[in-house]
file final-v2.csv (CSV, C-alpha atoms)
chain,number,residue,atom,x,y,z
A,64,MET,CA,3.7,-26.0,7.4
A,65,ASP,CA,0.9,-23.8,6.2
A,66,PHE,CA,2.6,-20.5,7.3
A,67,PHE,CA,5.6,-21.1,5.1
A,68,ARG,CA,3.5,-22.4,2.2
A,69,GLY,CA,1.5,-19.1,2.4
A,70,ILE,CA,4.8,-17.2,1.9
A,71,THR,CA,5.4,-19.0,-1.3
A,72,TYR,CA,2.5,-17.3,-3.0
A,73,VAL,CA,4.3,-14.0,-2.9
A,74,PRO,CA,7.2,-15.1,-5.3
A,75,GLN,CA,4.6,-16.9,-7.4
A,76,GLY,CA,2.7,-13.6,-7.7
A,77,PHE,CA,6.0,-11.7,-8.5
A,78,GLN,CA,6.8,-14.1,-11.3
A,79,LEU,CA,3.4,-13.4,-13.0
A,80,LEU,CA,3.8,-9.6,-13.0
A,81,THR,CA,4.9,-9.6,-16.7
A,82,ALA,CA,2.7,-12.4,-17.9
A,83,GLN,CA,0.8,-11.8,-21.2
A,84,GLY,CA,-2.6,-10.3,-20.6
A,85,LEU,CA,-1.8,-9.1,-17.1
A,86,ARG,CA,0.8,-6.4,-17.7
A,87,ARG,CA,-1.6,-3.5,-18.4
A,88,PHE,CA,-3.5,-4.2,-15.1
A,89,VAL,CA,-0.1,-4.1,-13.3
A,90,LEU,CA,1.5,-1.1,-15.0
A,91,LEU,CA,-1.4,1.2,-15.2
A,92,PRO,CA,-2.1,1.6,-11.5
A,93,ILE,CA,1.7,1.8,-10.8
A,94,ALA,CA,2.0,4.6,-13.4
A,95,ILE,CA,-1.0,6.5,-11.9
A,96,ASN,CA,0.6,6.2,-8.4
A,97,VAL,CA,3.9,7.5,-9.6
A,98,LEU,CA,2.3,10.5,-11.3
A,99,VAL,CA,0.2,11.2,-8.1
A,100,PHE,CA,3.2,11.1,-5.8
A,101,ALA,CA,5.3,13.1,-8.3
A,102,GLY,CA,2.6,15.7,-8.4
A,103,LEU,CA,2.4,15.8,-4.6
A,104,LEU,CA,6.1,16.1,-4.3
A,105,TRP,CA,6.2,19.0,-6.7
A,106,TRP,CA,3.3,20.7,-4.9
A,107,GLY,CA,5.1,20.2,-1.6
A,108,ALA,CA,8.3,21.6,-2.9
A,109,GLU,CA,6.6,24.7,-4.2
A,110,TRP,CA,4.8,25.2,-0.9
A,111,PHE,CA,8.1,24.7,1.0
A,112,HIS,CA,9.9,27.2,-1.3
A,113,THR,CA,7.2,29.7,-0.6
A,114,LEU,CA,7.5,29.1,3.2
A,115,LEU,CA,11.2,29.6,3.0
A,116,LEU,CA,10.8,32.9,1.2
A,117,TRP,CA,8.4,34.0,3.9
A,118,LEU,CA,10.6,32.9,6.8
A,119,LEU,CA,14.0,33.8,5.2
A,120,PRO,CA,13.4,36.6,2.7
A,121,PRO,CA,16.4,37.1,0.4
A,122,ALA,CA,18.9,39.6,1.8
A,123,ILE,CA,19.2,42.8,-0.2
A,124,PRO,CA,22.9,43.6,-0.7
A,125,SER,CA,24.0,47.1,0.3
A,126,GLU,CA,27.3,48.9,0.2
A,127,HIS,CA,26.7,49.8,3.9
A,128,SER,CA,26.0,46.3,5.0
A,129,GLY,CA,29.6,45.4,5.5
A,130,MET,CA,30.7,42.3,7.2
A,131,LEU,CA,27.3,41.9,9.1
A,132,GLY,CA,25.4,41.9,5.8
A,133,GLN,CA,27.8,39.3,4.3
A,134,LEU,CA,27.4,37.1,7.5
A,135,LEU,CA,23.6,37.3,7.3
A,136,THR,CA,23.7,36.4,3.7
A,137,PHE,CA,26.0,33.4,4.4
A,138,LEU,CA,23.7,32.2,7.3
A,139,GLU,CA,20.6,32.5,5.1
A,140,GLY,CA,22.2,30.4,2.4
A,141,THR,CA,23.5,27.8,4.9
A,142,ILE,CA,20.0,27.5,6.5
A,143,ARG,CA,18.4,27.1,3.1
A,144,TRP,CA,21.0,24.4,2.2
A,145,LEU,CA,20.3,22.5,5.4
A,146,LEU,CA,16.5,22.8,5.2
A,147,TRP,CA,16.0,21.4,1.7
A,148,PRO,CA,17.6,18.0,2.4
A,149,LEU,CA,15.4,17.8,5.6
A,150,PHE,CA,12.3,18.5,3.4
A,151,LEU,CA,13.3,15.8,0.9
A,152,LEU,CA,14.0,13.3,3.8
A,153,ALA,CA,10.6,14.1,5.3
A,154,ALA,CA,8.9,13.7,1.9
A,155,VAL,CA,10.5,10.3,1.4
A,156,VAL,CA,9.4,9.1,4.9
A,157,VAL,CA,5.8,10.3,4.3
A,158,MET,CA,5.7,8.7,0.9
A,159,PHE,CA,7.2,5.5,2.3
A,160,TYR,CA,4.5,5.1,4.9
A,161,THR,CA,1.6,6.3,2.8
A,162,PHE,CA,2.4,4.7,-0.5
A,163,THR,CA,0.8,1.3,0.1
A,164,ALA,CA,-2.5,2.8,1.5
A,165,LEU,CA,-2.8,5.3,-1.4
A,166,ALA,CA,-1.8,2.6,-3.9
A,167,ASN,CA,-4.5,0.3,-2.7
A,168,LEU,CA,-7.1,3.1,-2.9
A,169,ILE,CA,-6.1,4.1,-6.5
A,170,GLY,CA,-5.5,0.6,-7.7
A,171,ALA,CA,-8.8,-0.8,-6.2
A,172,PRO,CA,-10.8,-0.5,-9.5
A,173,PHE,CA,-8.0,-2.3,-11.4
A,174,ASN,CA,-7.3,-5.0,-8.8
A,175,SER,CA,-10.6,-6.8,-9.3
A,176,LEU,CA,-9.9,-6.9,-13.0
A,177,LEU,CA,-6.4,-8.1,-12.5
A,178,SER,CA,-7.6,-10.9,-10.1
A,179,ALA,CA,-10.2,-12.1,-12.6
A,180,ARG,CA,-7.5,-12.3,-15.4
A,181,VAL,CA,-5.1,-14.1,-13.0
A,182,GLU,CA,-7.8,-16.7,-12.2
A,183,GLN,CA,-8.5,-17.2,-15.9
A,184,HIS,CA,-4.7,-17.5,-16.5
A,185,ALA,CA,-4.2,-20.0,-13.7
A,186,THR,CA,-7.4,-22.1,-14.0
A,187,GLY,CA,-8.6,-21.5,-17.5
A,188,GLN,CA,-11.9,-20.2,-16.2
A,189,SER,CA,-13.1,-16.7,-15.2
A,190,PRO,CA,-14.8,-16.1,-11.8
A,191,PRO,CA,-18.6,-16.2,-12.0
A,192,GLN,CA,-18.9,-12.5,-11.3
A,193,ALA,CA,-15.8,-11.3,-13.1
A,194,PRO,CA,-16.1,-7.5,-13.7
A,195,GLU,CA,-16.9,-6.5,-17.3
A,196,GLY,CA,-15.2,-3.6,-19.1
A,197,LYS,CA,-18.5,-2.0,-20.0
A,198,ALA,CA,-19.3,-1.6,-16.3
A,199,PHE,CA,-15.9,-0.4,-15.3
A,200,LEU,CA,-17.0,3.1,-14.1
A,201,ALA,CA,-19.6,1.5,-11.8
A,202,GLU,CA,-17.1,-1.1,-10.7
A,203,SER,CA,-14.6,1.6,-10.0
A,204,VAL,CA,-16.9,3.6,-7.7
A,205,GLU,CA,-18.0,0.5,-5.9
A,206,ALA,CA,-14.4,-0.7,-5.4
A,207,ILE,CA,-13.2,2.6,-4.0
A,208,MET,CA,-16.2,2.7,-1.6
A,209,ASP,CA,-15.4,-0.9,-0.5
A,210,GLU,CA,-11.8,0.1,0.0
A,211,LEU,CA,-12.8,3.1,2.2
A,212,ARG,CA,-15.0,0.8,4.3
A,213,LYS,CA,-12.2,-1.7,4.7
A,214,ILE,CA,-9.8,1.1,5.8
A,215,ALA,CA,-12.3,2.3,8.4
A,216,TYR,CA,-12.8,-1.3,9.6
A,217,PHE,CA,-9.0,-2.0,9.8
A,218,ALA,CA,-8.4,1.3,11.6
A,219,LEU,CA,-11.0,0.5,14.2
A,220,LEU,CA,-9.3,-2.9,14.9
A,221,GLY,CA,-5.8,-1.2,15.1
A,222,ILE,CA,-6.7,1.4,17.7
A,223,PRO,CA,-6.5,-1.1,20.7
A,224,LEU,CA,-3.2,-2.4,19.5
A,225,LEU,CA,-1.8,1.1,19.2
A,226,ILE,CA,-2.8,1.7,22.9
A,227,LEU,CA,-0.5,-1.3,23.8
A,228,PHE,CA,2.5,0.7,22.8
A,229,ILE,CA,2.1,3.1,25.7
A,230,ILE,CA,1.4,0.5,28.4
A,231,PRO,CA,4.5,-0.4,30.4
A,232,VAL,CA,5.7,-4.0,30.2
A,233,VAL,CA,3.0,-4.9,27.6
A,234,GLN,CA,4.7,-2.5,25.1
A,235,VAL,CA,7.5,-5.0,24.8
A,236,VAL,CA,5.3,-7.4,22.8
A,237,ALA,CA,3.3,-4.7,21.0
A,238,PRO,CA,5.6,-4.6,17.9
A,239,PHE,CA,5.3,-8.3,17.5
A,240,LEU,CA,1.5,-8.2,17.8
A,241,TRP,CA,1.4,-5.2,15.4
A,242,GLY,CA,3.3,-7.3,12.9
A,243,LEU,CA,0.8,-10.1,13.2
A,244,PHE,CA,-2.0,-7.7,12.8
A,245,GLY,CA,-0.5,-6.2,9.7
A,246,ALA,CA,0.0,-9.6,8.1
A,247,TRP,CA,-3.7,-10.5,8.9
A,248,ILE,CA,-5.0,-7.3,7.5
A,249,ILE,CA,-3.0,-7.7,4.3
A,250,ALA,CA,-4.4,-11.2,3.9
A,251,LEU,CA,-8.0,-9.9,4.3
A,252,GLU,CA,-7.2,-6.9,2.1
A,253,TYR,CA,-6.0,-8.8,-0.9
A,254,GLY,CA,-8.1,-11.9,-0.5
A,255,ASP,CA,-11.1,-9.6,-1.0
A,256,TYR,CA,-10.4,-9.3,-4.7
A,257,PRO,CA,-10.6,-13.0,-5.8
A,258,LEU,CA,-13.4,-13.6,-3.2
A,259,GLY,CA,-15.3,-10.5,-4.0
A,260,ASN,CA,-15.3,-11.4,-7.7
A,261,ARG,CA,-17.3,-14.4,-6.7
A,262,GLY,CA,-19.8,-12.3,-4.8
A,263,ILE,CA,-18.6,-13.5,-1.3
A,264,PRO,CA,-19.3,-10.8,1.3
A,265,PHE,CA,-16.6,-9.4,3.6
A,266,ARG,CA,-18.0,-11.3,6.6
A,267,GLU,CA,-17.8,-14.6,4.8
A,268,GLN,CA,-14.3,-13.7,3.6
A,269,ARG,CA,-13.2,-13.3,7.2
A,270,ARG,CA,-14.5,-16.7,8.0
A,271,ILE,CA,-12.7,-18.3,5.1
A,272,THR,CA,-9.5,-16.5,6.1
A,273,HIS,CA,-9.8,-17.7,9.7
A,274,GLN,CA,-10.3,-21.3,8.6
A,275,HIS,CA,-6.8,-21.2,7.1
A,276,ARG,CA,-5.3,-18.6,9.3
A,277,LEU,CA,-1.7,-19.9,9.2
A,278,LEU,CA,-1.7,-20.0,5.5
A,279,HIS,CA,-3.0,-16.5,5.2
A,280,LEU,CA,-0.7,-15.2,7.9
A,281,GLY,CA,2.2,-16.5,6.0
A,282,PHE,CA,1.0,-14.9,2.8
A,283,GLY,CA,0.4,-11.6,4.6
A,284,ALA,CA,3.8,-11.7,6.2
A,285,GLY,CA,5.5,-12.2,2.9
A,286,VAL,CA,3.6,-9.2,1.4
A,287,LEU,CA,4.4,-7.1,4.4
A,288,CYS,CA,8.1,-7.6,3.8
A,289,LEU,CA,7.6,-6.4,0.2
A,290,THR,CA,5.9,-3.2,1.4
A,291,ILE,CA,8.8,-2.1,3.6
A,292,ILE,CA,11.5,-2.5,0.9
A,293,PRO,CA,12.0,0.8,-1.0
A,294,PHE,CA,11.2,0.7,-4.8
A,295,VAL,CA,10.2,-3.0,-4.5
A,296,ASN,CA,7.0,-1.8,-2.8
A,297,LEU,CA,6.0,-0.3,-6.2
A,298,VAL,CA,5.0,-3.8,-7.2
A,299,ALA,CA,3.8,-5.0,-3.8
A,300,MET,CA,0.2,-4.4,-4.6
A,301,PRO,CA,-0.1,-6.3,-7.9
A,302,THR,CA,2.1,-9.0,-6.5
A,303,ALA,CA,-0.2,-9.4,-3.6
A,304,VAL,CA,-3.4,-9.4,-5.8
A,305,ILE,CA,-1.9,-12.1,-8.0
A,306,GLY,CA,-0.6,-14.2,-5.0
A,307,ALA,CA,-4.0,-13.9,-3.2
A,308,THR,CA,-5.8,-15.1,-6.3
A,309,LEU,CA,-3.5,-18.1,-6.7
A,310,LEU,CA,-3.9,-18.9,-3.0
A,311,GLN,CA,-7.7,-18.9,-3.2
A,312,ALA,CA,-7.7,-20.9,-6.5
A,313,ASP,CA,-5.6,-23.5,-4.7
A,314,LEU,CA,-7.9,-23.6,-1.7
A,315,ARG,CA,-10.9,-24.2,-4.0
A,316,SER,CA,-9.1,-26.9,-5.9
A,317,ARG,CA,-8.2,-28.7,-2.7
A,318,THR,CA,-11.7,-28.4,-1.4
A,319,THR,CA,-13.1,-29.8,-4.6
A,320,GLN,CA,-10.7,-32.7,-4.5
A,321,ALA,CA,-11.5,-33.4,-0.9
A,322,THR,CA,-15.2,-33.7,-1.7

call {"tool": "encode", "arguments": {"input": "final-v2.csv", "output": "structure tokens"}}
result
Amino acid sequence: MDFFRGITYVPQGFQLLTAQGLRRFVLLPIAINVLVFAGLLWWGAEWFHTLLLWLLPPAIPSEHSGMLGQLLTFLEGTIRWLLWPLFLLAAVVVMFYTFTALANLIGAPFNSLLSARVEQHATGQSPPQAPEGKAFLAESVEAIMDELRKIAYFALLGIPLLILFIIPVVQVVAPFLWGLFGAWIIALEYGDYPLGNRGIPFREQRRITHQHRLLHLGFGAGVLCLTIIPFVNLVAMPTAVIGATLLQADLRSRTTQAT
């Protein structure tokens, strides 16, 4: 069945993460993402510390404070001890839900290059419009702008589905529909890199994806599972780029054989 065959491209992509010639395109965006999130976590901790100092200024010990002063000092320390774990938990939740989106945005300039190298590795030939290193800056700006346009397009499609969550009775099937929507969006998102390298516009990409919808839904579902696993989601993006490139290469090969 095409759906399950689509899932198999995810482990295939995972196996090629450390292949020679691909590692730098995998590790560099991951390193940038880790540094960005580490910086955001440090900034958030500094801001939270300042907020606590404003809300709970340190108690000034006094010889006249007695038991009441000691109690206030104890309560202040206890509240601080409780609030910091809550801050860390909130930070982890925010990073968990935003990592994939930010990783795609940061990694967009590298993903086209990674896809081109994967196609060359798998088929022995580079795509006709493979990005060149000398035009990397221009490619980076264009890739980021394309990524922002896709995010806007996907957000527009997702709004009607979000409304289903607040409609009685219908809300029962809303999570299932949202999962299908997520898998479909992932298939479009990562299929853009191998297809975009060949100059295929986004509208044509949607048509190609729809022609083999079960295959792409299976692939998207497999990648979606990676994105919800902590730490494993660090490599979800390059795995998806590699898997999508292998999938499109196989589709072209089958089309050529059929003709």

call {"tool": "residues_around", "arguments": {"input": "final-v2.csv", "residues": "Val181 in chain A", "least_positions_apart": "5", "cutoff": "10 Å", "atoms": "all atoms listed in the file", "output": "ChimeraX atom specification"}}
result
/A:76,79-80,82,84-85,175-176,186-190,257,304-309,312

call {"tool": "residues_around", "arguments": {"input": "final-v2.csv", "residues": "range 218-231 of chain A", "least_positions_apart": "5", "cutoff": "8 Å", "atoms": "all atoms listed in the file", "output": "PyMOL selection string"}}
result
chain A and resi 237-238+240-241+244

call {"tool": "write_last_selection", "arguments": {"input": "final-v2.csv", "atoms": "C-alpha atoms", "output": "tab-separated table (two decimals), in the coordinates of the input"}}
result
chain	number	residue	atom	x	y	z
A	237	ALA	CA	3.30	-4.70	21.00
A	238	PRO	CA	5.60	-4.60	17.90
A	240	LEU	CA	1.50	-8.20	17.80
A	241	TRP	CA	1.40	-5.20	15.40
A	244	PHE	CA	-2.00	-7.70	12.80

call {"tool": "atom_distance", "arguments": {"input": "final-v2.csv", "atom1": "CA of Trp117 in chain A", "atom2": "CA of Leu149 in chain A"}}
result
17.7 Å

call {"tool": "atom_distance", "arguments": {"input": "final-v2.csv", "atom1": "CA of Glu252 in chain A", "atom2": "CA of Ile271 in chain A"}}
result
13.0 Å

call {"tool": "atom_distance", "arguments": {"input": "final-v2.csv", "atom1": "CA of Met64 in chain A", "atom2": "CA of Leu278 in chain A"}}
result
8.3 Å

call {"tool": "closest_residue", "arguments": {"input": "final-v2.csv", "among": "A:Leu280, A:Ala250, A:Leu116, A:Ala185", "to": "Ala303 in chain A", "atoms": "all atoms listed in the file"}}
result
A:Ala250

call {"tool": "closest_residue", "arguments": {"input": "final-v2.csv", "among": "A:Phe294, A:Tyr216, A:Trp247, A:Phe173", "to": "Leu90 in chain A", "atoms": "all atoms listed in the file"}}
result
A:Phe173

call {"tool": "closest_residue", "arguments": {"input": "final-v2.csv", "among": "A:Arg266, A:Arg317, A:His279, A:Lys213", "to": "Leu243 in chain A", "atoms": "all atoms listed in the file"}}
result
A:His279

call {"tool": "closest_residue", "arguments": {"input": "final-v2.csv", "among": "A:Pro74, A:Gly69, A:Gly170, A:Pro264", "to": "Ile95 in chain A", "atoms": "only C-alpha atoms"}}
result
A:Gly170

call {"tool": "closest_residue", "arguments": {"input": "final-v2.csv", "among": "A:Arg86, A:Ile263, A:Phe67, A:Gln274", "to": "Thr302 in chain A", "atoms": "all atoms listed in the file"}}
result
A:Arg86
